[in-house]
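Working notes, structure below.
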Amino acid sequence: VVRRRLLQRYEHQPFISCLAGFYSCRWKRYQRERTEPGKCCCNMRECMFFPLLVAAFCFSLVFLYTWGEGKNDYNGFDWYNYGNLGFWFLWSLVILIVAAVLFAYTSLLLVLAMCLLAEGQQLYLHWSHKIGTFLVLGFTISSLFALSILWRDHRKTVRLSFQVTAPYLHIGAIAIMVLLSWPVALHAIRADRKVIQVIIVGPYLAILLFLFLIPLGMYSPCIREKGTLGPKPALIGHRGAPMLAPENTEMSFLKTIEHGGDGLETDVTISYDGVPFLMHDDTLRRTTNIHEVYPNETGKAASFFSWDSLQKLNAGTWFLKNKPFLGMGSLSKADQNQAMNQSIYTLSGFLRLADSHNKLVIFDLYRPPEKHPYRNLWIRKILDVILKESKIKRHLVLWLHNSVRSFVQSVAPGFQHTMGRKAPIEDLLKHNIVKLNLVYTDMSSEDIRKYAEANITTNFYVVNEPWLYSLAWCSGAHSVTTNAVHLLKDLSQPLFLMTPRQYNIMWILTDLTSAFLISLIFAL
């Protein structure tokens with residue numbers, strides 16, 4: 001029996017050696033120390049540093065969640081960096097990978113620490129890991145601070161995400177507390193003074209009680225009774241289908257139509273000789289091959305080129321080269337060939353295409369800069385294209401531009417007039433506004449309901465992620481502008497949808513199960 005116990009203890013040493021080796025770089029048995037009953041698990045310095053490790057884990061988790069939930073805006077982030085750096089790169093993906101690596105690193109250190117405590121070993125974090133912990137803390141805190149200053153709307157995105165993920169984050173937090181109950185109970189039992197036991201157990205129980213009760217103040221529009229969910233929001237292709245084809249090209253809009261989009265969104269500017277065409281950026285650098293055709297004019301405003309000059313540019317090769325969206329996937333050979341042959345699209349061609357497929361259209365209009373021959377005639381020129389050249393059915397046009405709305409209403413009755421900001425209902429009705437086109441961070445189920453009662457529908461842009469589309473659906477949005485028509489069309493119901501009864505059962509079962517497991521761990 002004695003020989004068998006010694007053999008089991010010997011065979012167990014490699015496991016402890018691995019734990020201590022990775023955590024402390026103490027691979028040999030004589031380098032390690034066991035924790036004596038009634039004694040602390042580590043010396044004073046290690047006791048002071050361990051909370052920093054826990055803090056690094058928490059901040060890395062917050063940063064990973066914050067950045068991960070911001071995936072909806074990765075393209076905007078990369079586009080912003082392109083404007084400042086002058087070259088295209090998926091910086092958003094790099095940051096996501098770094099956030100995941102930092103979280104995995106701190107998680108591994110905490111798991112190793114808990115395993116060593118369970119084996120009765122004293123904790124000693126190697127100096128290299130301490131430096132790594134400080135680096136994680138510094139990077140995550142500075143990154144979160146930079147996000148809050150430079151990308152303030154991102155905080156609104158995170159707050160919106162809580163409306164759909166909070167019930168599941170609650171379950172995750174409870175699961176973590178159950179896992180933590182093991183080392184907490186172990187420390188409390190080994191403590192030789194009641195004061196130390198209270199210091200260890202008190203905060204843990206306070207946090208646990210808070211988590212048990214937090215669902216009482218939780219709100220999610222996706223927790224609703226059966227039969228109260230509104231219709232699925234219509235899908236408007238943002239510059240077409242820019243994840244499947246070069247933005248603002250004929251191919252892009254055809255892809256939106258192919259995947260069942262209900263409308264098309266674009267950006268309109270005017271050439272130097274008065275031809276309205278589709279272009280989002282001020283210059284042609286990002287979405288054309290101007291550096292090959294006109295290498296000395298890459299910084300020139302797009303509206304200062306004649307239409308003949310614009311027709312010589314290719315508007316598709318950049319898409320295949322830069323792959324502007326994360327997770328785009330590979331295109332078929334036919335799609336690649338089609339993308340390579342795209343050119344700048346005219347407003348007239350765009351409207352004819354939409355009219356032939358009975359699709360709604362909405363567009364941002366960019367006034368030409370100073371010294372442009374059409375600077376003061378641009379609205380008339382665009383109206384001529386809409387009313388005389390394309391002859392699109394007027395009810396398909398969502399007119400967004402606000403500065404000359406009364407003039408447009410007089411010469412082109414029948415447009416669906418749309419406002420780009422929230423306003424009092426009285427003012428909207430006074431100006432015959434029938435739709436609001438709002439950034440998704442302004443989403444509010446209460447406001448949507450209030451406007452709907454006045455027969456004013458809401459469209460939110462740009463909504464790419466299924467969770468955000470689900471939130472818009474549950475909140476009662478009429479439509480969304482999206483880069484991902486091909487993905488969102490397949491959602492048959494909102495993600496995270498459940499009845500209040502289902503959520504209450506989930507909440508109560510989670511609390512009861514966790515309370516039983518924690519009590520059992522403390523009792524044993």
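How things are named: the first chain in the structure tokens is A, the next is B, and so on; residues count from 1 in each chain; ligands count from 1 in the order shown.
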Open item on the list: as a list in words, please: the residues near Thr418 of chain A (cut-off 10 Å, only C-alpha atoms, same-chain neighbours under 3 positions excluded).
Closed with: Ile362, Val397, Leu398, Trp399, Leu400, His401, Asn402, Arg405, Phe415, Arg421, Leu428, His431, Asn432, Ile433, Val434, Lys435, Leu436, Asn437, Leu438, Ile456, Thr457, Thr458 and Asn459 of chain A
Requested write-out: N, CA, C and O atoms of the selected residues, as a PDB file, in the first residue's frame:
ATOM      1  N   ILE A 362     -32.226  55.155 -52.408  1.00  0.00           N
ATOM      2  CA  ILE A 362     -31.897  56.243 -51.494  1.00  0.00           C
ATOM      3  C   ILE A 362     -30.444  56.606 -51.752  1.00  0.00           C
ATOM      4  O   ILE A 362     -29.612  55.715 -51.990  1.00  0.00           O
ATOM      5  N   VAL A 397     -38.401  56.567 -54.977  1.00  0.00           N
ATOM      6  CA  VAL A 397     -37.305  57.454 -54.588  1.00  0.00           C
ATOM      7  C   VAL A 397     -37.493  57.918 -53.150  1.00  0.00           C
ATOM      8  O   VAL A 397     -38.493  58.559 -52.813  1.00  0.00           O
ATOM      9  N   LEU A 398     -36.527  57.571 -52.293  1.00  0.00           N
ATOM     10  CA  LEU A 398     -36.486  58.084 -50.921  1.00  0.00           C
ATOM     11  C   LEU A 398     -35.581  59.313 -50.941  1.00  0.00           C
ATOM     12  O   LEU A 398     -34.361  59.191 -50.956  1.00  0.00           O
ATOM     13  N   TRP A 399     -36.187  60.500 -50.973  1.00  0.00           N
ATOM     14  CA  TRP A 399     -35.399  61.730 -51.095  1.00  0.00           C
ATOM     15  C   TRP A 399     -34.878  62.133 -49.719  1.00  0.00           C
ATOM     16  O   TRP A 399     -35.632  62.453 -48.818  1.00  0.00           O
ATOM     17  N   LEU A 400     -33.542  62.149 -49.591  1.00  0.00           N
ATOM     18  CA  LEU A 400     -32.903  62.375 -48.292  1.00  0.00           C
ATOM     19  C   LEU A 400     -32.365  63.788 -48.118  1.00  0.00           C
ATOM     20  O   LEU A 400     -32.362  64.321 -47.011  1.00  0.00           O
ATOM     21  N   HIS A 401     -31.908  64.396 -49.212  1.00  0.00           N
ATOM     22  CA  HIS A 401     -31.247  65.702 -49.097  1.00  0.00           C
ATOM     23  C   HIS A 401     -32.230  66.744 -48.562  1.00  0.00           C
ATOM     24  O   HIS A 401     -33.351  66.868 -49.050  1.00  0.00           O
ATOM     25  N   ASN A 402     -31.775  67.543 -47.580  1.00  0.00           N
ATOM     26  CA  ASN A 402     -32.703  68.372 -46.823  1.00  0.00           C
ATOM     27  C   ASN A 402     -32.706  69.853 -47.199  1.00  0.00           C
ATOM     28  O   ASN A 402     -33.665  70.567 -46.934  1.00  0.00           O
ATOM     29  N   ARG A 405     -35.589  70.922 -49.788  1.00  0.00           N
ATOM     30  CA  ARG A 405     -36.690  69.957 -49.772  1.00  0.00           C
ATOM     31  C   ARG A 405     -37.992  70.561 -50.317  1.00  0.00           C
ATOM     32  O   ARG A 405     -38.722  69.914 -51.073  1.00  0.00           O
ATOM     33  N   PHE A 415     -42.193  61.768 -54.389  1.00  0.00           N
ATOM     34  CA  PHE A 415     -41.048  61.171 -53.705  1.00  0.00           C
ATOM     35  C   PHE A 415     -41.425  60.851 -52.255  1.00  0.00           C
ATOM     36  O   PHE A 415     -42.251  61.541 -51.650  1.00  0.00           O
ATOM     37  N   ARG A 421     -32.224  62.603 -39.475  1.00  0.00           N
ATOM     38  CA  ARG A 421     -32.030  62.775 -38.028  1.00  0.00           C
ATOM     39  C   ARG A 421     -33.382  62.719 -37.330  1.00  0.00           C
ATOM     40  O   ARG A 421     -34.440  62.896 -37.964  1.00  0.00           O
ATOM     41  N   LEU A 428     -41.859  66.808 -38.437  1.00  0.00           N
ATOM     42  CA  LEU A 428     -41.755  65.834 -39.525  1.00  0.00           C
ATOM     43  C   LEU A 428     -43.028  65.822 -40.368  1.00  0.00           C
ATOM     44  O   LEU A 428     -42.973  65.810 -41.607  1.00  0.00           O
ATOM     45  N   HIS A 431     -43.377  68.830 -42.690  1.00  0.00           N
ATOM     46  CA  HIS A 431     -42.558  68.796 -43.914  1.00  0.00           C
ATOM     47  C   HIS A 431     -42.811  67.531 -44.737  1.00  0.00           C
ATOM     48  O   HIS A 431     -42.017  67.187 -45.617  1.00  0.00           O
ATOM     49  N   ASN A 432     -43.911  66.835 -44.437  1.00  0.00           N
ATOM     50  CA  ASN A 432     -44.318  65.638 -45.199  1.00  0.00           C
ATOM     51  C   ASN A 432     -43.255  64.540 -45.190  1.00  0.00           C
ATOM     52  O   ASN A 432     -43.039  63.849 -46.196  1.00  0.00           O
ATOM     53  N   ILE A 433     -42.583  64.374 -44.059  1.00  0.00           N
ATOM     54  CA  ILE A 433     -41.579  63.318 -43.910  1.00  0.00           C
ATOM     55  C   ILE A 433     -42.283  61.999 -43.605  1.00  0.00           C
ATOM     56  O   ILE A 433     -43.112  61.928 -42.681  1.00  0.00           O
ATOM     57  N   VAL A 434     -41.957  60.954 -44.342  1.00  0.00           N
ATOM     58  CA  VAL A 434     -42.591  59.651 -44.133  1.00  0.00           C
ATOM     59  C   VAL A 434     -41.608  58.596 -43.637  1.00  0.00           C
ATOM     60  O   VAL A 434     -42.025  57.499 -43.283  1.00  0.00           O
ATOM     61  N   LYS A 435     -40.317  58.929 -43.630  1.00  0.00           N
ATOM     62  CA  LYS A 435     -39.314  57.945 -43.188  1.00  0.00           C
ATOM     63  C   LYS A 435     -38.137  58.666 -42.546  1.00  0.00           C
ATOM     64  O   LYS A 435     -37.768  59.780 -42.952  1.00  0.00           O
ATOM     65  N   LEU A 436     -37.550  58.016 -41.546  1.00  0.00           N
ATOM     66  CA  LEU A 436     -36.313  58.485 -40.927  1.00  0.00           C
ATOM     67  C   LEU A 436     -35.183  57.544 -41.324  1.00  0.00           C
ATOM     68  O   LEU A 436     -35.348  56.312 -41.285  1.00  0.00           O
ATOM     69  N   ASN A 437     -34.056  58.116 -41.700  1.00  0.00           N
ATOM     70  CA  ASN A 437     -32.864  57.335 -42.041  1.00  0.00           C
ATOM     71  C   ASN A 437     -31.810  57.640 -40.985  1.00  0.00           C
ATOM     72  O   ASN A 437     -31.175  58.698 -41.003  1.00  0.00           O
ATOM     73  N   LEU A 438     -31.637  56.731 -40.019  1.00  0.00           N
ATOM     74  CA  LEU A 438     -30.840  57.011 -38.831  1.00  0.00           C
ATOM     75  C   LEU A 438     -29.664  56.051 -38.713  1.00  0.00           C
ATOM     76  O   LEU A 438     -29.762  54.883 -39.111  1.00  0.00           O
ATOM     77  N   ILE A 456     -44.695  57.141 -39.564  1.00  0.00           N
ATOM     78  CA  ILE A 456     -43.337  57.461 -40.006  1.00  0.00           C
ATOM     79  C   ILE A 456     -42.470  56.229 -39.747  1.00  0.00           C
ATOM     80  O   ILE A 456     -42.315  55.797 -38.600  1.00  0.00           O
ATOM     81  N   THR A 457     -41.950  55.632 -40.808  1.00  0.00           N
ATOM     82  CA  THR A 457     -41.147  54.429 -40.662  1.00  0.00           C
ATOM     83  C   THR A 457     -39.680  54.791 -40.428  1.00  0.00           C
ATOM     84  O   THR A 457     -39.259  55.936 -40.627  1.00  0.00           O
ATOM     85  N   THR A 458     -38.893  53.811 -39.995  1.00  0.00           N
ATOM     86  CA  THR A 458     -37.493  54.045 -39.666  1.00  0.00           C
ATOM     87  C   THR A 458     -36.593  53.082 -40.426  1.00  0.00           C
ATOM     88  O   THR A 458     -36.899  51.888 -40.553  1.00  0.00           O
ATOM     89  N   ASN A 459     -35.487  53.622 -40.923  1.00  0.00           N
ATOM     90  CA  ASN A 459     -34.435  52.822 -41.548  1.00  0.00           C
ATOM     91  C   ASN A 459     -33.134  53.094 -40.803  1.00  0.00           C
ATOM     92  O   ASN A 459     -32.816  54.249 -40.490  1.00  0.00           O
TER      93      ASN A 459
END
- [ ] Within 12 Å of segment 498-514 of chain A, counting only C-alpha atoms, which residues show up once you throw out same-chain ones fewer than 5 positions away? Write them as a ChimeraX atom specification, please.
- [x] /A:164,166-181,208-216,218-229,474,493,519-521
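Counting only C-alpha atoms and comparing A:Val462, A:Leu254, A:Ile290, A:Lys371, the residue that lies closest to Gly76 of chain A is A:Val462.
The gap separating atom CA of Phe87 of chain A from atom CA of Lys321 of chain A is 11.9 Å, in Å to one decimal.
Residues lying within 10 Å of segment 304-313 of chain A, counting only C-alpha atoms and ignoring same-chain neighbours fewer than 5 positions away, are A:Ile270, A:Ser271, A:Tyr272, A:Asp273, A:Gly274, A:Val275, A:Pro276, A:Phe277, A:Thr283, A:Leu284, A:Thr287, A:Thr288, A:Asn289, A:Ile290, A:His291, A:Glu292, A:Val293, A:Tyr294, A:Glu297, A:Gln342, A:Ser343, A:Ile344, A:Tyr345, A:Thr346, A:Pro368, A:Pro369, A:Lys371, A:His372, A:Pro373.
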Task: Residues within 7 Å of segment 107-120 of chain A, only C-alpha atoms, excluding chain neighbours under 2 positions, as a count of residues only - done: 11
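Shortest separation to Asn75 of chain A among A:Gly414, A:Pro242, A:Pro295, A:Gly138 occurs at residue A:Pro242, atoms counted being only C-alpha atoms.
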Open item on the list: Applying 12 Å and only C-alpha atoms, which residues near segment 156-163 of chain A remain after dropping the ones on its own chain fewer than 4 positions away? List them as a PyMOL selection string.
Closed with: chain A and resi 62-73+147-148+151-152+167-170+215+217-223+439-445+462-463+465-472+474-475+495-497
Open item on the list: Restricting the calculation to only C-alpha atoms: of A:Ile16, A:Ala452, A:Leu396, A:Leu429, which residue gets closest to Gln121 of chain A?
Closed with: A:Ile16
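Picture a line from atom CA of Glu426 of chain A to atom CA of Val404 of chain A; it runs 19.5 Å.
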Open item on the list: DSSP on the backbone: which residues in segment 3-158 of chain A end up as alpha helix (DSSP H)? Give the answer as an NGL selection string.
Closed with: :A and (3-24 or 44-69 or 74-85 or 91-118 or 127-150 or 153-158)
Export C-alpha atoms of the chosen residues as a compact mmCIF listing (two decimals), in the first residue's frame?
# COMPACT_ATOMS: atom_id res chain seq x y z
CA ARG A 3 4.66 1.52 -2.25
CA ARG A 4 1.52 2.14 -4.33
CA ARG A 5 0.91 5.54 -2.68
CA LEU A 6 4.53 6.58 -3.24
CA LEU A 7 4.30 5.46 -6.85
CA GLN A 8 1.05 7.44 -7.38
CA ARG A 9 2.67 10.50 -5.84
CA TYR A 10 5.70 10.10 -8.07
CA GLU A 11 3.54 9.66 -11.17
CA HIS A 12 1.61 12.83 -10.21
CA GLN A 13 4.76 14.95 -10.12
CA PRO A 14 5.05 15.50 -13.90
CA PHE A 15 1.62 17.17 -13.88
CA ILE A 16 2.66 19.55 -11.08
CA SER A 17 5.99 20.11 -12.81
CA CYS A 18 4.17 21.22 -15.96
CA LEU A 19 1.92 23.56 -13.99
CA ALA A 20 4.76 25.12 -12.04
CA GLY A 21 7.00 25.18 -15.11
CA PHE A 22 4.61 27.16 -17.24
CA TYR A 23 3.56 29.46 -14.41
CA SER A 24 6.80 29.92 -12.47
CA MET A 44 3.44 39.20 0.32
CA ARG A 45 4.82 40.33 -3.05
CA GLU A 46 2.92 37.62 -4.91
CA CYS A 47 -0.25 38.41 -2.95
CA MET A 48 0.01 42.03 -4.08
CA PHE A 49 0.65 41.07 -7.71
CA PHE A 50 -2.11 38.46 -8.09
CA PRO A 51 -4.90 41.10 -8.19
CA LEU A 52 -3.02 42.71 -11.10
CA LEU A 53 -3.19 39.41 -12.96
CA VAL A 54 -6.92 39.21 -12.28
CA ALA A 55 -7.28 42.83 -13.45
CA ALA A 56 -5.35 42.04 -16.64
CA PHE A 57 -7.71 39.13 -17.29
CA CYS A 58 -10.78 41.33 -16.73
CA PHE A 59 -9.52 44.18 -18.92
CA SER A 60 -8.50 41.79 -21.70
CA LEU A 61 -11.96 40.20 -21.55
CA VAL A 62 -13.65 43.61 -21.71
CA PHE A 63 -11.43 44.67 -24.61
CA LEU A 64 -12.06 41.42 -26.52
CA TYR A 65 -15.82 41.74 -26.04
CA THR A 66 -15.82 45.45 -26.90
CA TRP A 67 -13.79 45.00 -30.07
CA GLY A 68 -15.54 41.78 -31.05
CA GLU A 69 -18.98 43.41 -30.83
CA TYR A 74 -14.70 47.12 -39.03
CA ASN A 75 -14.92 48.32 -42.62
CA GLY A 76 -15.47 51.90 -41.46
CA PHE A 77 -12.49 51.61 -39.13
CA ASP A 78 -10.25 50.28 -41.92
CA TRP A 79 -11.53 52.96 -44.29
CA TYR A 80 -10.67 55.64 -41.69
CA ASN A 81 -7.12 54.27 -41.45
CA TYR A 82 -6.87 54.17 -45.23
CA GLY A 83 -7.69 57.87 -45.34
CA ASN A 84 -4.92 58.64 -42.86
CA LEU A 85 -2.25 56.15 -43.97
CA TRP A 91 -6.20 46.67 -39.20
CA SER A 92 -9.45 45.63 -37.55
CA LEU A 93 -8.54 41.95 -37.98
CA VAL A 94 -5.07 42.51 -36.50
CA ILE A 95 -6.56 44.15 -33.41
CA LEU A 96 -9.09 41.33 -33.03
CA ILE A 97 -6.31 38.72 -33.15
CA VAL A 98 -4.22 40.66 -30.62
CA ALA A 99 -7.24 40.98 -28.28
CA ALA A 100 -7.89 37.23 -28.51
CA VAL A 101 -4.22 36.37 -27.85
CA LEU A 102 -4.03 38.66 -24.80
CA PHE A 103 -7.22 37.19 -23.37
CA ALA A 104 -6.01 33.63 -23.97
CA TYR A 105 -2.67 34.45 -22.31
CA THR A 106 -4.14 35.89 -19.11
CA SER A 107 -6.78 33.12 -18.99
CA LEU A 108 -4.05 30.47 -19.18
CA LEU A 109 -2.12 32.08 -16.33
CA LEU A 110 -5.23 32.16 -14.15
CA VAL A 111 -6.06 28.52 -14.91
CA LEU A 112 -2.49 27.50 -14.06
CA ALA A 113 -2.70 29.46 -10.80
CA MET A 114 -5.96 27.76 -9.76
CA CYS A 115 -4.57 24.32 -10.59
CA LEU A 116 -1.44 25.00 -8.50
CA LEU A 117 -3.60 26.16 -5.60
CA ALA A 118 -5.67 22.99 -5.86
CA TRP A 127 9.19 37.74 -13.90
CA SER A 128 8.59 37.33 -17.65
CA HIS A 129 4.89 36.69 -17.00
CA LYS A 130 4.80 39.70 -14.69
CA ILE A 131 6.15 41.87 -17.49
CA GLY A 132 3.59 40.29 -19.82
CA THR A 133 0.82 41.06 -17.33
CA PHE A 134 1.86 44.72 -17.15
CA LEU A 135 1.96 44.87 -20.95
CA VAL A 136 -1.55 43.39 -21.20
CA LEU A 137 -2.83 45.87 -18.63
CA GLY A 138 -1.18 48.81 -20.36
CA PHE A 139 -2.31 47.84 -23.85
CA THR A 140 -5.93 47.03 -22.98
CA ILE A 141 -6.47 50.10 -20.79
CA SER A 142 -4.90 52.45 -23.33
CA SER A 143 -6.85 50.81 -26.17
CA LEU A 144 -10.16 51.10 -24.32
CA PHE A 145 -9.37 54.74 -23.53
CA ALA A 146 -8.46 55.45 -27.16
CA LEU A 147 -11.69 53.81 -28.35
CA SER A 148 -13.75 55.91 -25.96
CA ILE A 149 -12.11 59.12 -27.23
CA LEU A 150 -11.62 58.48 -30.96
CA ASP A 153 -20.13 55.77 -31.15
CA HIS A 154 -18.48 52.44 -30.36
CA ARG A 155 -19.66 52.79 -26.76
CA LYS A 156 -23.22 53.01 -28.05
CA THR A 157 -22.65 49.84 -30.07
CA VAL A 158 -21.51 47.99 -26.96
Give me the residues within 10 Å of Phe407 of chain A as a short mmCIF file (atom, residue, chain, number, x, y, z; two decimals) with N, CA and C atoms, in the first residue's frame, counting only C-alpha atoms and dropping any in the same chain fewer than 5 places off.
data_model
loop_
_atom_site.label_atom_id
_atom_site.label_comp_id
_atom_site.auth_asym_id
_atom_site.auth_seq_id
_atom_site.Cartn_x
_atom_site.Cartn_y
_atom_site.Cartn_z
N ILE A 379 -28.47 70.31 -57.96
CA ILE A 379 -29.76 69.71 -57.63
C ILE A 379 -30.65 69.63 -58.87
N ALA A 412 -41.25 67.85 -57.94
CA ALA A 412 -41.26 66.39 -58.07
C ALA A 412 -42.13 65.76 -56.99
N PRO A 413 -43.44 66.03 -57.03
CA PRO A 413 -44.31 65.39 -56.05
C PRO A 413 -44.32 63.87 -56.25
#
- [ ] Would you please give, as a ChimeraX atom specification, all residues of segment 27-265 of chain A that DSSP assigns to strand (DSSP E) based on the backbone?
- [x] /A:234-238,263-265
Open item on the list: So that I can check the surroundings of Ala185 of chain A, please list as number ranges by chain every protein, DNA and RNA residue that reaches within 9 Å of it, counting only C-alpha atoms and ignoring chain neighbours fewer than 3 positions away.
Closed with: A: 180-182, 188-190, 200-201, 521-523
Write out, as an mmCIF file, in the first residue's frame, the residues just selected, with N, CA and C atoms.
data_model
loop_
_atom_site.group_PDB
_atom_site.id
_atom_site.type_symbol
_atom_site.label_atom_id
_atom_site.label_comp_id
_atom_site.auth_asym_id
_atom_site.auth_seq_id
_atom_site.Cartn_x
_atom_site.Cartn_y
_atom_site.Cartn_z
ATOM 1 N N LEU A 180 -14.738 29.832 -9.721
ATOM 2 C CA LEU A 180 -13.929 30.538 -8.715
ATOM 3 C C LEU A 180 -14.234 30.087 -7.294
ATOM 4 N N SER A 181 -15.397 29.466 -7.106
ATOM 5 C CA SER A 181 -15.753 29.031 -5.749
ATOM 6 C C SER A 181 -14.756 28.013 -5.205
ATOM 7 N N TRP A 182 -14.151 27.261 -6.079
ATOM 8 C CA TRP A 182 -13.179 26.235 -5.661
ATOM 9 C C TRP A 182 -11.966 26.878 -4.989
ATOM 10 N N ALA A 188 -10.287 29.964 2.021
ATOM 11 C CA ALA A 188 -11.014 30.250 3.265
ATOM 12 C C ALA A 188 -10.788 29.156 4.303
ATOM 13 N N ILE A 189 -10.777 27.922 3.843
ATOM 14 C CA ILE A 189 -10.573 26.804 4.769
ATOM 15 C C ILE A 189 -9.157 26.814 5.335
ATOM 16 N N ARG A 190 -8.169 27.175 4.496
ATOM 17 C CA ARG A 190 -6.785 27.160 4.941
ATOM 18 C C ARG A 190 -6.429 28.366 5.816
ATOM 19 N N ILE A 200 -11.891 36.999 2.494
ATOM 20 C CA ILE A 200 -11.867 36.174 1.280
ATOM 21 C C ILE A 200 -13.276 35.896 0.765
ATOM 22 N N VAL A 201 -14.163 35.464 1.674
ATOM 23 C CA VAL A 201 -15.487 35.004 1.266
ATOM 24 C C VAL A 201 -16.472 36.161 1.061
ATOM 25 N N ILE A 521 -19.450 22.744 -3.042
ATOM 26 C CA ILE A 521 -17.997 22.931 -3.040
ATOM 27 C C ILE A 521 -17.528 23.448 -1.687
ATOM 28 N N PHE A 522 -18.241 24.403 -1.106
ATOM 29 C CA PHE A 522 -17.855 24.923 0.206
ATOM 30 C C PHE A 522 -18.026 23.872 1.305
ATOM 31 N N ALA A 523 -19.071 23.037 1.164
ATOM 32 C CA ALA A 523 -19.313 22.013 2.184
ATOM 33 C C ALA A 523 -18.241 20.931 2.160
#
